[in-house]
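J.: Structure file my_file.tsv (TSV, C-alpha atoms and all ligand atoms) is given on the next line.
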```tsv
chain	number	residue	atom	x	y	z
E	7	MET	CA	0.00	0.00	0.00
E	8	THR	CA	1.53	3.33	-1.04
E	9	ALA	CA	1.11	6.62	0.81
E	10	SER	CA	-1.90	8.70	-0.26
E	11	ALA	CA	-3.66	5.61	-1.54
E	12	PHE	CA	-7.06	6.64	-0.17
E	13	PHE	CA	-9.21	9.15	-2.03
E	14	VAL	CA	-11.79	10.50	0.36
E	15	GLY	CA	-14.02	13.51	-0.14
E	16	GLY	CA	-11.88	15.04	-2.87
E	17	LEU	CA	-8.63	14.52	-0.92
E	18	ALA	CA	-5.79	12.02	-1.18
E	19	LEU	CA	-5.22	10.64	2.31
E	20	ALA	CA	-2.60	8.29	3.71
E	21	SER	CA	-5.30	6.17	5.34
E	22	PRO	CA	-9.04	6.24	6.05
E	23	LEU	CA	-8.42	7.08	9.74
E	24	CYS	CA	-9.32	10.65	10.66
E	25	LEU	CA	-9.48	12.57	13.90
E	26	ALA	CA	-13.09	13.68	14.44
E	27	PRO	CA	-13.87	17.32	15.10
E	28	LEU	CA	-13.58	17.84	18.86
E	29	ALA	CA	-14.47	21.32	20.08
E	30	GLY	CA	-12.31	22.43	22.99
E	31	VAL	CA	-9.67	19.85	22.12
E	32	THR	CA	-8.50	20.00	18.51
E	33	ALA	CA	-6.35	23.12	18.71
E	34	ALA	CA	-3.40	23.06	16.30
E	35	PRO	CA	-0.87	21.41	18.70
E	36	VAL	CA	-3.33	18.58	19.43
E	37	ARG	CA	-3.98	18.08	15.72
E	38	GLU	CA	-0.23	17.97	15.15
E	39	PHE	CA	0.10	15.41	17.97
E	40	PHE	CA	-2.54	13.14	16.41
E	41	THR	CA	-1.01	13.59	12.96
E	42	ARG	CA	2.25	12.26	14.40
E	43	LEU	CA	0.40	9.25	15.80
E	44	GLY	CA	-1.16	8.47	12.43
E	45	ALA	CA	-4.32	10.54	11.88
E	46	ALA	CA	-4.63	11.02	8.11
E	47	LEU	CA	-6.83	14.11	8.48
E	48	THR	CA	-7.98	16.34	11.32
E	49	HIS	CA	-10.52	19.11	11.90
E	50	THR	CA	-10.28	22.49	13.54
E	51	GLU	CA	-12.45	23.32	16.50
E	52	MET	CA	-15.85	24.82	15.65
E	53	VAL	CA	-15.28	28.21	14.08
E	54	SER	CA	-18.24	30.61	14.18
E	55	CYS	CA	-19.07	32.20	10.83
E	56	ALA	CA	-20.83	35.03	12.64
E	57	GLY	CA	-17.64	35.56	14.68
E	58	LEU	CA	-15.55	35.65	11.50
E	59	VAL	CA	-17.87	38.21	9.92
E	60	ARG	CA	-17.64	40.35	13.10
E	61	ALA	CA	-13.83	40.04	12.95
E	62	ASN	CA	-13.74	38.48	16.41
E	63	ARG	CA	-10.09	38.04	17.42
E	64	LYS	CA	-10.60	34.77	19.33
E	65	THR	CA	-12.41	33.27	16.35
E	66	SER	CA	-9.68	34.19	13.87
E	67	ASP	CA	-7.00	32.75	16.19
E	68	MET	CA	-8.66	29.38	15.59
E	69	LEU	CA	-7.42	29.52	12.00
E	70	GLU	CA	-3.83	28.75	13.03
E	71	THR	CA	-2.24	25.71	11.35
E	72	LEU	CA	1.25	24.28	11.88
E	73	PRO	CA	3.75	22.91	9.36
E	74	GLY	CA	3.77	19.55	11.18
E	75	GLU	CA	0.09	18.97	10.54
E	76	GLY	CA	-1.45	16.81	7.82
E	77	PRO	CA	-4.60	17.82	5.93
E	78	VAL	CA	-6.92	19.93	8.11
E	79	ILE	CA	-10.62	20.61	7.52
E	80	LEU	CA	-11.78	24.06	8.65
E	81	GLN	CA	-14.91	23.29	10.67
E	82	LEU	CA	-17.44	26.11	10.30
E	83	PHE	CA	-20.80	26.64	11.95
E	84	GLY	CA	-23.60	29.07	11.34
E	85	GLY	CA	-27.38	29.22	11.03
E	86	GLU	CA	-27.86	31.02	7.70
E	87	ALA	CA	-26.34	30.35	4.32
E	88	ASP	CA	-25.40	34.03	3.87
E	89	THR	CA	-23.47	34.20	7.12
E	90	VAL	CA	-21.76	30.89	6.46
E	91	ALA	CA	-20.69	31.92	2.97
E	92	ARG	CA	-19.40	35.31	4.13
E	93	GLY	CA	-17.68	33.78	7.15
E	94	ALA	CA	-15.93	31.20	4.99
E	95	GLU	CA	-14.69	33.92	2.63
E	96	VAL	CA	-13.33	35.92	5.55
E	97	ALA	CA	-11.65	32.77	6.94
E	98	LEU	CA	-9.90	32.03	3.67
E	99	GLU	CA	-8.73	35.63	3.28
E	100	LEU	CA	-7.45	35.75	6.85
E	101	LYS	CA	-5.75	32.39	6.43
E	102	GLY	CA	-3.98	33.63	3.31
E	103	ALA	CA	-2.73	36.67	5.22
E	104	ARG	CA	-1.69	34.73	8.36
E	105	GLY	CA	0.22	32.03	6.50
E	106	GLY	CA	0.70	28.46	7.69
E	107	PRO	CA	-0.45	25.42	5.72
E	108	ALA	CA	-3.73	26.06	3.87
E	109	PHE	CA	-6.92	24.22	4.79
E	110	ALA	CA	-7.58	21.07	2.78
E	111	GLY	CA	-11.33	21.54	2.86
E	112	LEU	CA	-14.29	23.35	4.38
E	113	GLY	CA	-16.33	21.51	6.98
E	114	LEU	CA	-19.93	22.30	7.89
E	115	ASN	CA	-21.18	21.37	11.31
E	116	MET	CA	-24.73	19.98	11.21
E	117	ALA	CA	-24.14	17.75	14.20
E	118	CYS	CA	-23.64	19.79	17.35
E	119	PRO	CA	-26.68	19.27	19.64
E	120	MET	CA	-25.72	21.88	22.24
E	121	PRO	CA	-28.35	24.61	22.84
E	122	LYS	CA	-25.83	27.46	22.57
E	123	VAL	CA	-25.31	26.35	18.94
E	124	THR	CA	-28.76	25.04	17.99
E	125	ARG	CA	-30.65	28.11	19.26
E	126	ARG	CA	-28.79	30.11	16.62
E	127	GLY	CA	-30.15	27.69	14.01
E	128	ALA	CA	-26.72	26.09	13.58
E	129	GLY	CA	-25.31	22.59	14.21
E	130	ALA	CA	-27.94	19.86	14.45
E	131	ALA	CA	-30.76	22.46	14.19
E	132	LEU	CA	-30.01	22.49	10.44
E	133	LEU	CA	-31.31	18.91	10.21
E	134	ASN	CA	-34.79	20.46	10.60
E	135	VAL	CA	-34.21	23.03	7.85
E	136	PRO	CA	-32.93	21.05	4.86
E	137	SER	CA	-33.32	23.91	2.37
E	138	GLU	CA	-30.96	26.15	4.41
E	139	ALA	CA	-28.52	23.26	4.96
E	140	PHE	CA	-28.36	22.49	1.24
E	141	GLU	CA	-28.06	26.16	0.30
E	142	MET	CA	-25.07	26.70	2.62
E	143	THR	CA	-23.44	23.61	1.15
E	144	ARG	CA	-23.95	25.00	-2.38
E	145	ARG	CA	-22.54	28.39	-1.36
E	146	LEU	CA	-19.44	26.87	0.26
E	147	LYS	CA	-18.86	24.67	-2.74
E	148	ARG	CA	-18.38	27.80	-4.88
E	149	LEU	CA	-15.28	28.69	-2.88
E	150	GLY	CA	-13.38	25.92	-4.63
E	151	LEU	CA	-12.38	23.64	-1.74
E	152	PRO	CA	-13.87	20.22	-1.02
E	153	VAL	CA	-16.88	20.55	1.29
E	154	TRP	CA	-17.22	18.03	4.11
E	155	VAL	CA	-20.43	17.98	6.12
E	156	LYS	CA	-20.81	16.31	9.49
E	157	MET	CA	-24.34	15.48	10.57
E	158	ARG	CA	-26.28	13.36	13.01
E	159	ARG	CA	-28.81	10.66	12.35
E	160	VAL	CA	-31.91	12.73	11.54
E	161	SER	CA	-34.53	10.70	13.45
E	162	GLU	CA	-35.12	7.52	15.40
E	163	GLY	CA	-36.58	4.54	13.61
E	164	LYS	CA	-36.54	4.56	9.82
E	165	ASN	CA	-33.28	5.45	8.13
E	166	GLU	CA	-34.98	7.10	5.17
E	167	ASP	CA	-35.04	10.65	6.68
E	168	THR	CA	-31.28	10.52	7.11
E	169	ILE	CA	-30.68	9.06	3.65
E	170	ARG	CA	-32.79	11.79	2.03
E	171	PHE	CA	-30.86	14.49	3.90
E	172	VAL	CA	-27.53	12.98	2.86
E	173	GLU	CA	-28.69	12.83	-0.75
E	174	GLY	CA	-29.61	16.53	-0.61
E	175	LEU	CA	-26.16	17.43	0.73
E	176	LEU	CA	-24.40	15.39	-1.95
E	177	ASP	CA	-26.58	16.91	-4.69
E	178	ALA	CA	-25.70	20.35	-3.30
E	179	GLY	CA	-22.01	19.60	-3.81
E	180	ALA	CA	-20.72	18.04	-0.56
E	181	GLU	CA	-17.76	15.80	-1.38
E	182	ASN	CA	-18.08	13.89	1.86
E	183	VAL	CA	-20.81	13.45	4.46
E	184	CYS	CA	-19.88	12.12	7.87
E	185	ILE	CA	-22.78	10.57	9.76
E	186	HIS	CA	-22.75	10.27	13.54
E	187	GLY	CA	-25.32	7.56	14.19
E	188	ARG	CA	-26.84	9.21	17.27
E	189	THR	CA	-29.75	11.62	16.98
E	190	ALA	CA	-29.29	15.14	18.35
E	191	ALA	CA	-31.69	14.23	21.18
E	192	GLN	CA	-29.32	11.46	22.27
E	193	ARG	CA	-26.45	13.94	22.53
E	194	TYR	CA	-23.53	11.67	23.50
E	195	GLU	CA	-25.52	9.00	25.33
E	196	GLY	CA	-26.67	5.54	24.32
E	197	ARG	CA	-25.50	3.59	21.33
E	198	SER	CA	-24.66	5.08	17.99
E	199	ASP	CA	-26.71	3.40	15.26
E	200	ARG	CA	-24.52	1.73	12.66
E	201	THR	CA	-27.27	0.57	10.35
E	202	VAL	CA	-27.99	4.10	9.14
E	203	VAL	CA	-24.29	4.73	8.44
E	204	ALA	CA	-23.98	1.41	6.61
E	205	GLU	CA	-27.10	2.06	4.56
E	206	ALA	CA	-25.83	5.50	3.50
E	207	ALA	CA	-22.44	3.99	2.61
E	208	ARG	CA	-24.20	1.41	0.45
E	209	ARG	CA	-26.37	4.02	-1.28
E	210	PHE	CA	-23.57	6.57	-1.82
E	211	PRO	CA	-20.36	4.59	-2.30
E	212	GLY	CA	-17.13	6.43	-1.50
E	213	ARG	CA	-18.94	9.51	-0.14
E	214	ILE	CA	-19.72	8.58	3.48
E	215	ALA	CA	-17.53	8.82	6.58
E	216	ALA	CA	-18.54	7.18	9.85
E	217	SER	CA	-18.64	8.46	13.41
E	218	GLY	CA	-19.93	6.95	16.61
E	219	ASP	CA	-18.62	4.46	19.17
E	220	VAL	CA	-15.20	3.96	17.60
E	221	ARG	CA	-13.20	2.51	20.47
E	222	THR	CA	-11.26	-0.41	19.01
E	223	PRO	CA	-9.61	-1.38	15.70
E	224	GLU	CA	-12.55	-3.79	15.24
E	225	ASP	CA	-14.97	-0.83	15.31
E	226	VAL	CA	-12.90	0.84	12.59
E	227	ARG	CA	-12.88	-2.33	10.54
E	228	GLU	CA	-16.64	-2.76	10.88
E	229	TYR	CA	-17.36	0.68	9.44
E	230	LEU	CA	-14.88	0.18	6.59
E	231	ASP	CA	-16.30	-3.25	5.79
E	232	ALA	CA	-19.72	-1.61	5.60
E	233	GLY	CA	-18.34	0.55	2.77
E	234	CYS	CA	-17.48	3.79	4.59
E	235	ALA	CA	-14.72	5.79	2.92
E	236	ALA	CA	-13.30	7.07	6.22
E	237	VAL	CA	-13.75	6.61	9.96
E	238	MET	CA	-13.60	9.39	12.55
E	239	LEU	CA	-11.95	8.58	15.86
E	240	ALA	CA	-13.34	10.73	18.68
E	241	ARG	CA	-13.67	9.77	22.37
E	242	GLY	CA	-11.91	6.49	21.62
E	243	ALA	CA	-8.81	8.43	20.56
E	244	LEU	CA	-8.99	10.77	23.55
E	245	ALA	CA	-9.13	7.77	25.89
E	246	ASN	CA	-6.41	5.97	23.93
E	247	PRO	CA	-4.41	7.99	21.37
E	248	TRP	CA	-2.62	4.75	20.42
E	249	LEU	CA	-5.89	3.71	18.77
E	250	PHE	CA	-4.46	5.31	15.62
E	251	PRO	CA	-1.36	3.10	15.32
E	252	GLU	CA	-3.28	0.08	16.64
E	253	SER	CA	-5.94	0.52	13.94
E	254	LEU	CA	-3.33	1.13	11.23
E	255	ARG	CA	-1.74	-2.16	12.22
E	256	ALA	CA	-5.07	-3.97	12.06
E	257	LEU	CA	-5.56	-2.56	8.55
E	258	GLU	CA	-1.98	-3.51	7.58
E	259	LEU	CA	-1.14	0.11	6.75
E	260	PRO	CA	2.17	1.90	7.43
E	261	ILE	CA	2.59	3.07	11.04
E	262	PRO	CA	4.64	6.10	12.16
E	263	GLY	CA	8.01	5.03	13.60
E	264	GLY	CA	8.11	3.34	17.01
E	265	PHE	CA	4.46	3.97	17.77
E	266	LEU	CA	3.29	0.38	17.80
E	267	ASP	CA	5.06	-0.70	20.92
E	268	PRO	CA	5.92	2.68	22.40
E	269	SER	CA	8.73	2.88	24.96
E	270	PRO	CA	8.28	5.02	28.10
E	271	GLU	CA	10.79	7.50	26.60
E	272	LEU	CA	8.73	7.85	23.44
E	273	ARG	CA	5.50	8.34	25.38
E	274	GLY	CA	7.15	10.94	27.60
E	275	ALA	CA	8.74	12.70	24.62
E	276	GLU	CA	5.43	12.97	22.75
E	277	LEU	CA	3.62	14.29	25.83
E	278	SER	CA	6.39	16.81	26.55
E	279	ARG	CA	6.41	17.95	22.95
E	280	LEU	CA	2.64	18.42	23.03
E	281	GLY	CA	2.88	20.37	26.29
E	282	GLU	CA	5.56	22.74	24.98
E	283	ARG	CA	3.78	23.28	21.65
E	284	ALA	CA	0.44	23.88	23.37
E	285	ARG	CA	2.02	26.36	25.81
E	286	ALA	CA	3.59	28.32	22.95
E	287	LEU	CA	0.38	28.45	20.95
E	288	CYS	CA	-2.51	28.27	23.40
E	289	GLY	CA	-1.03	29.37	26.72
E	290	GLU	CA	-0.08	27.61	29.95
E	291	ARG	CA	-3.57	26.91	31.29
E	292	LEU	CA	-4.89	25.18	28.18
E	293	ALA	CA	-1.61	23.28	27.78
E	294	VAL	CA	-2.10	21.73	31.24
E	295	VAL	CA	-5.76	20.91	30.53
E	296	LEU	CA	-4.94	19.24	27.21
E	297	LEU	CA	-2.02	17.26	28.62
E	298	LYS	CA	-4.03	16.00	31.56
E	299	ARG	CA	-6.82	14.98	29.19
E	300	LEU	CA	-4.54	12.94	26.93
E	301	MET	CA	-2.07	11.69	29.50
E	302	GLY	CA	-4.09	8.73	30.83
E	303	GLY	CA	-4.39	7.17	27.40
E	304	MET	CA	-0.76	7.85	26.51
E	305	LEU	CA	0.39	5.95	29.60
E	306	ARG	CA	-1.96	3.03	29.02
E	307	GLY	CA	-0.35	-0.36	29.47
E	308	MET	CA	2.92	1.09	30.79
E	309	SER	CA	4.29	-0.23	34.05
E	310	GLY	CA	4.15	2.41	36.81
E	311	ALA	CA	1.41	4.31	34.94
E	312	ALA	CA	-0.89	4.59	37.96
E	313	GLU	CA	1.80	6.25	40.08
E	314	LEU	CA	2.76	8.60	37.25
E	315	ARG	CA	-0.87	9.56	36.76
E	316	ARG	CA	-1.19	10.24	40.48
E	317	ARG	CA	1.89	12.47	40.51
E	318	ALA	CA	0.85	14.24	37.33
E	319	GLY	CA	-2.60	14.84	38.82
E	320	CYS	CA	-0.94	16.82	41.63
E	321	ALA	CA	1.11	19.00	39.26
E	322	SER	CA	-0.32	22.49	39.26
E	323	ASP	CA	1.61	24.01	36.35
E	324	LEU	CA	3.11	22.85	33.10
E	325	ASP	CA	6.72	22.78	34.28
E	326	ALA	CA	5.78	20.55	37.22
E	327	LEU	CA	3.87	18.27	34.85
E	328	LEU	CA	6.79	18.07	32.42
E	329	GLU	CA	9.09	17.28	35.34
E	330	VAL	CA	6.90	14.28	36.23
E	331	PHE	CA	7.36	12.98	32.66
E	332	ARG	CA	11.10	13.74	32.75
E	333	ALA	CA	11.61	11.86	36.01
E	334	GLY	CA	9.19	9.02	35.28
E	335	MET	CA	9.87	8.39	31.61
E	336	ALA	CA	13.50	9.40	31.19
E	337	VAL	CA	12.71	12.29	28.86
E	338	ASP	CA	15.79	14.41	28.05
I	1	LIG	C1	-15.23	16.81	23.52
I	1	LIG	C2	-16.00	16.60	22.24
I	1	LIG	C3	-16.09	17.63	21.33
I	1	LIG	C4	-16.79	17.45	20.13
I	1	LIG	N1	-16.81	18.47	19.22
I	1	LIG	C5	-17.43	18.28	18.02
I	1	LIG	C6	-17.40	19.30	17.04
I	1	LIG	O1	-16.81	20.36	17.21
I	1	LIG	N2	-18.04	19.05	15.84
I	1	LIG	C7	-18.69	17.87	15.60
I	1	LIG	O2	-19.23	17.68	14.50
I	1	LIG	N3	-18.71	16.88	16.52
I	1	LIG	C8	-18.09	17.06	17.70
I	1	LIG	N4	-18.07	16.05	18.62
I	1	LIG	C9	-18.64	14.75	18.25
I	1	LIG	C10	-17.55	13.80	17.74
I	1	LIG	O3	-16.92	14.32	16.59
I	1	LIG	C11	-18.13	12.41	17.44
I	1	LIG	O4	-19.03	12.51	16.35
I	1	LIG	C12	-18.87	11.82	18.63
I	1	LIG	O5	-18.11	11.93	19.82
I	1	LIG	C13	-19.25	10.36	18.38
I	1	LIG	O6	-18.12	9.55	18.30
I	1	LIG	P1	-17.66	8.60	19.54
I	1	LIG	O7	-18.90	7.91	20.06
I	1	LIG	O8	-16.67	7.66	18.90
I	1	LIG	O9	-17.06	9.51	20.57
I	1	LIG	C14	-17.41	16.22	19.83
I	1	LIG	C15	-17.33	15.18	20.78
I	1	LIG	C16	-16.64	15.36	21.97
I	1	LIG	C17	-16.57	14.21	22.94
```
Show me this structure written as structure tokens.
T.:
Amino acid sequence: MTASAFFVGGLALASPLCLAPLAGVTAAPVREFFTRLGAALTHTEMVSCAGLVRANRKTSDMLETLPGEGPVILQLFGGEADTVARGAEVALELKGARGGPAFAGLGLNMACPMPKVTRRGAGAALLNVPSEAFEMTRRLKRLGLPVWVKMRRVSEGKNEDTIRFVEGLLDAGAENVCIHGRTAAQRYEGRSDRTVVAEAARRFPGRIAASGDVRTPEDVREYLDAGCAAVMLARGALANPWLFPESLRALELPIPGGFLDPSPELRGAELSRLGERARALCGERLAVVLLKRLMGGMLRGMSGAAELRRRAGCASDLDALLEVFRAGMAVD
């Protein structure tokens, strides 16, 4: 299998394994970290189109990309096609001026069930307004980049509502539609329905990515065997970042060096690197939050992990945390 052997949503990817959009987590240093572990594509956090149009500073800071990243989808959200189209234009202009690797595609969030998003008519609220959802897809498509939409299962019971919505998005020009098999009402609870994802993959070959309950390489395999073009790793990758190399192995695809049976030094070095990069880009406080979130999974299966986790839990600042890694995992 050669590199870039997978053509997904208008992009050539090294594998079908992507990091799902994860608001509050997928800042540039975290995306870079997962790229190193084997994610073939990542997403930005949710970027507000209204915020872009208002020239909100915090919003435009979310456009940062790093040279060490792979393909990144700019994940946009908004409630009206006009705002989304204008916001996307502003984002691309700003990105051009800021520099850094360009975005590989434009993502549209039609999945977020949180009231602060849905009450603005954005995220999963768009599932109730197909005409607006399709129009914003058409408008983004004109900007020349592949459009990736992420949506939820539209309703309980019959799959047909979801299939019809997916068809509308594809007709409007979406290159890829990722379906999370939970309804918005389920939020993040209960099981994610795989039948609806599999049915969409069968009906629209090569155009569907899967999300929902991806915790093991077998889960990845199941979605791919059902015909999905790509699989999004979300909470499974937060709980165990090694799910990327483990899944690549199960698929017999190339794995980044040393990551299959990682030594304590390698684990410590990757965590330290992430901490330093996050501090430089996002500040000390967020760097500590992100490290503590990913640390448990990075130490998984390592002897002495429980004690290291305990000591790291007591560290109040980044330097103290990095010192725990240095002492416990022989990081230079
Ligand atoms: C912390 C967190 C943040 C998320 N942020 C986003 C987001 O910004 N956009 C989106 O479409 N989905 C978001 N999701 C949903 C995930 O991308 C994924 O679809 C969902 O977690 C289901 O996959 P899982 O069951 O394997 O975790 C988020 C999930 C979590 C846990």
J.: Enclose all atoms of ligand LIG 1 (chain I) listed in the file in an axis-aligned box, grow every side by 8 Å, and hand back centre and edge lengths in Å to one decimal, as lines of an AutoDock Vina configuration file.
T.:
```
center_x = -17.2
center_y = 14.0
center_z = 19.0
size_x = 20.0
size_y = 28.7
size_z = 25.0
```
J.: In Å to one decimal, how far is atom CA of Ala318 of chain E from atom CA of Met301 of chain E?
T.: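 Atom-to-atom, atom CA of Met301 of chain E and atom CA of Ala318 of chain E are spaced 8.7 Å apart.
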J.: Compare E:Thr89, E:Thr50, E:Asn134, E:Asn246 by their minimum atom-to-atom distance to ligand LIG 1 (chain I), counting only C-alpha atoms and all ligand atoms, and give me the closest one.
T.: E:Thr50
J.: Between E:Arg148, E:Lys156, E:Arg63, E:Arg104, which residue has the minimum interatomic distance to His49 of chain E, considering all atoms listed in the file?
T.: E:Lys156
J.: Please compute the atom CA of Thr124 of chain E-atom CA of Ala236 of chain E distance, one decimal, in Å.
T.: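 Interatomic distance here is 26.5 Å.
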J.: Can you work out which one of E:Leu19, E:Val294, E:Val153, E:Leu244 has the shortest atom-to-atom distance to Ala326 of chain E, counting all atoms listed in the file?
T.: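 Selected residue with least distance to Ala326 of chain E: E:Val294.
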J.: For the atom pair atom CA of Cys24 of chain E and atom CA of Ser253 of chain E, what is the interatomic distance in Å to one decimal place?
T.: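 So the answer is 11.2 Å.
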J.: Pick out the residues sitting within 12 Å of Thr168 of chain E, and hand them over as an mmCIF file with C-alpha atoms, keeping the file's coordinate frame; count all atoms listed in the file, and ignore anything fewer than 6 positions along from it in its own chain.
T.:
```cif
data_model
loop_
_atom_site.group_PDB
_atom_site.id
_atom_site.type_symbol
_atom_site.label_atom_id
_atom_site.label_comp_id
_atom_site.auth_asym_id
_atom_site.auth_seq_id
_atom_site.Cartn_x
_atom_site.Cartn_y
_atom_site.Cartn_z
ATOM 1 C CA LEU E 133 -31.310 18.910 10.210
ATOM 2 C CA ASN E 134 -34.790 20.460 10.600
ATOM 3 C CA PRO E 136 -32.930 21.050 4.860
ATOM 4 C CA MET E 157 -24.340 15.480 10.570
ATOM 5 C CA ARG E 158 -26.280 13.360 13.010
ATOM 6 C CA ARG E 159 -28.810 10.660 12.350
ATOM 7 C CA VAL E 160 -31.910 12.730 11.540
ATOM 8 C CA SER E 161 -34.530 10.700 13.450
ATOM 9 C CA GLU E 162 -35.120 7.520 15.400
ATOM 10 C CA GLY E 174 -29.610 16.530 -0.610
ATOM 11 C CA LEU E 175 -26.160 17.430 0.730
ATOM 12 C CA VAL E 183 -20.810 13.450 4.460
ATOM 13 C CA CYS E 184 -19.880 12.120 7.870
ATOM 14 C CA ILE E 185 -22.780 10.570 9.760
ATOM 15 C CA HIS E 186 -22.750 10.270 13.540
ATOM 16 C CA GLY E 187 -25.320 7.560 14.190
ATOM 17 C CA ARG E 188 -26.840 9.210 17.270
ATOM 18 C CA THR E 189 -29.750 11.620 16.980
ATOM 19 C CA ASP E 199 -26.710 3.400 15.260
ATOM 20 C CA THR E 201 -27.270 0.570 10.350
ATOM 21 C CA VAL E 202 -27.990 4.100 9.140
ATOM 22 C CA VAL E 203 -24.290 4.730 8.440
ATOM 23 C CA ALA E 204 -23.980 1.410 6.610
ATOM 24 C CA GLU E 205 -27.100 2.060 4.560
ATOM 25 C CA ALA E 206 -25.830 5.500 3.500
ATOM 26 C CA ALA E 207 -22.440 3.990 2.610
ATOM 27 C CA ARG E 209 -26.370 4.020 -1.280
#
```
J.: If we count all atoms listed in the file and set the cut-off at 12 Å, which residues sit around Val59 of chain E, ignoring sequence neighbours fewer than 4 positions away in its own chain? Please answer as a PDB file with C-alpha atoms, keeping the file's coordinate frame.
T.:
```
ATOM      1  CA  VAL E  53     -15.280  28.210  14.080  1.00  0.00           C
ATOM      2  CA  SER E  54     -18.240  30.610  14.180  1.00  0.00           C
ATOM      3  CA  CYS E  55     -19.070  32.200  10.830  1.00  0.00           C
ATOM      4  CA  ARG E  63     -10.090  38.040  17.420  1.00  0.00           C
ATOM      5  CA  THR E  65     -12.410  33.270  16.350  1.00  0.00           C
ATOM      6  CA  SER E  66      -9.680  34.190  13.870  1.00  0.00           C
ATOM      7  CA  GLY E  84     -23.600  29.070  11.340  1.00  0.00           C
ATOM      8  CA  ASP E  88     -25.400  34.030   3.870  1.00  0.00           C
ATOM      9  CA  THR E  89     -23.470  34.200   7.120  1.00  0.00           C
ATOM     10  CA  VAL E  90     -21.760  30.890   6.460  1.00  0.00           C
ATOM     11  CA  ALA E  91     -20.690  31.920   2.970  1.00  0.00           C
ATOM     12  CA  ARG E  92     -19.400  35.310   4.130  1.00  0.00           C
ATOM     13  CA  GLY E  93     -17.680  33.780   7.150  1.00  0.00           C
ATOM     14  CA  ALA E  94     -15.930  31.200   4.990  1.00  0.00           C
ATOM     15  CA  GLU E  95     -14.690  33.920   2.630  1.00  0.00           C
ATOM     16  CA  VAL E  96     -13.330  35.920   5.550  1.00  0.00           C
ATOM     17  CA  ALA E  97     -11.650  32.770   6.940  1.00  0.00           C
ATOM     18  CA  LEU E  98      -9.900  32.030   3.670  1.00  0.00           C
ATOM     19  CA  GLU E  99      -8.730  35.630   3.280  1.00  0.00           C
ATOM     20  CA  LEU E 100      -7.450  35.750   6.850  1.00  0.00           C
TER      21      LEU E 100
END
```
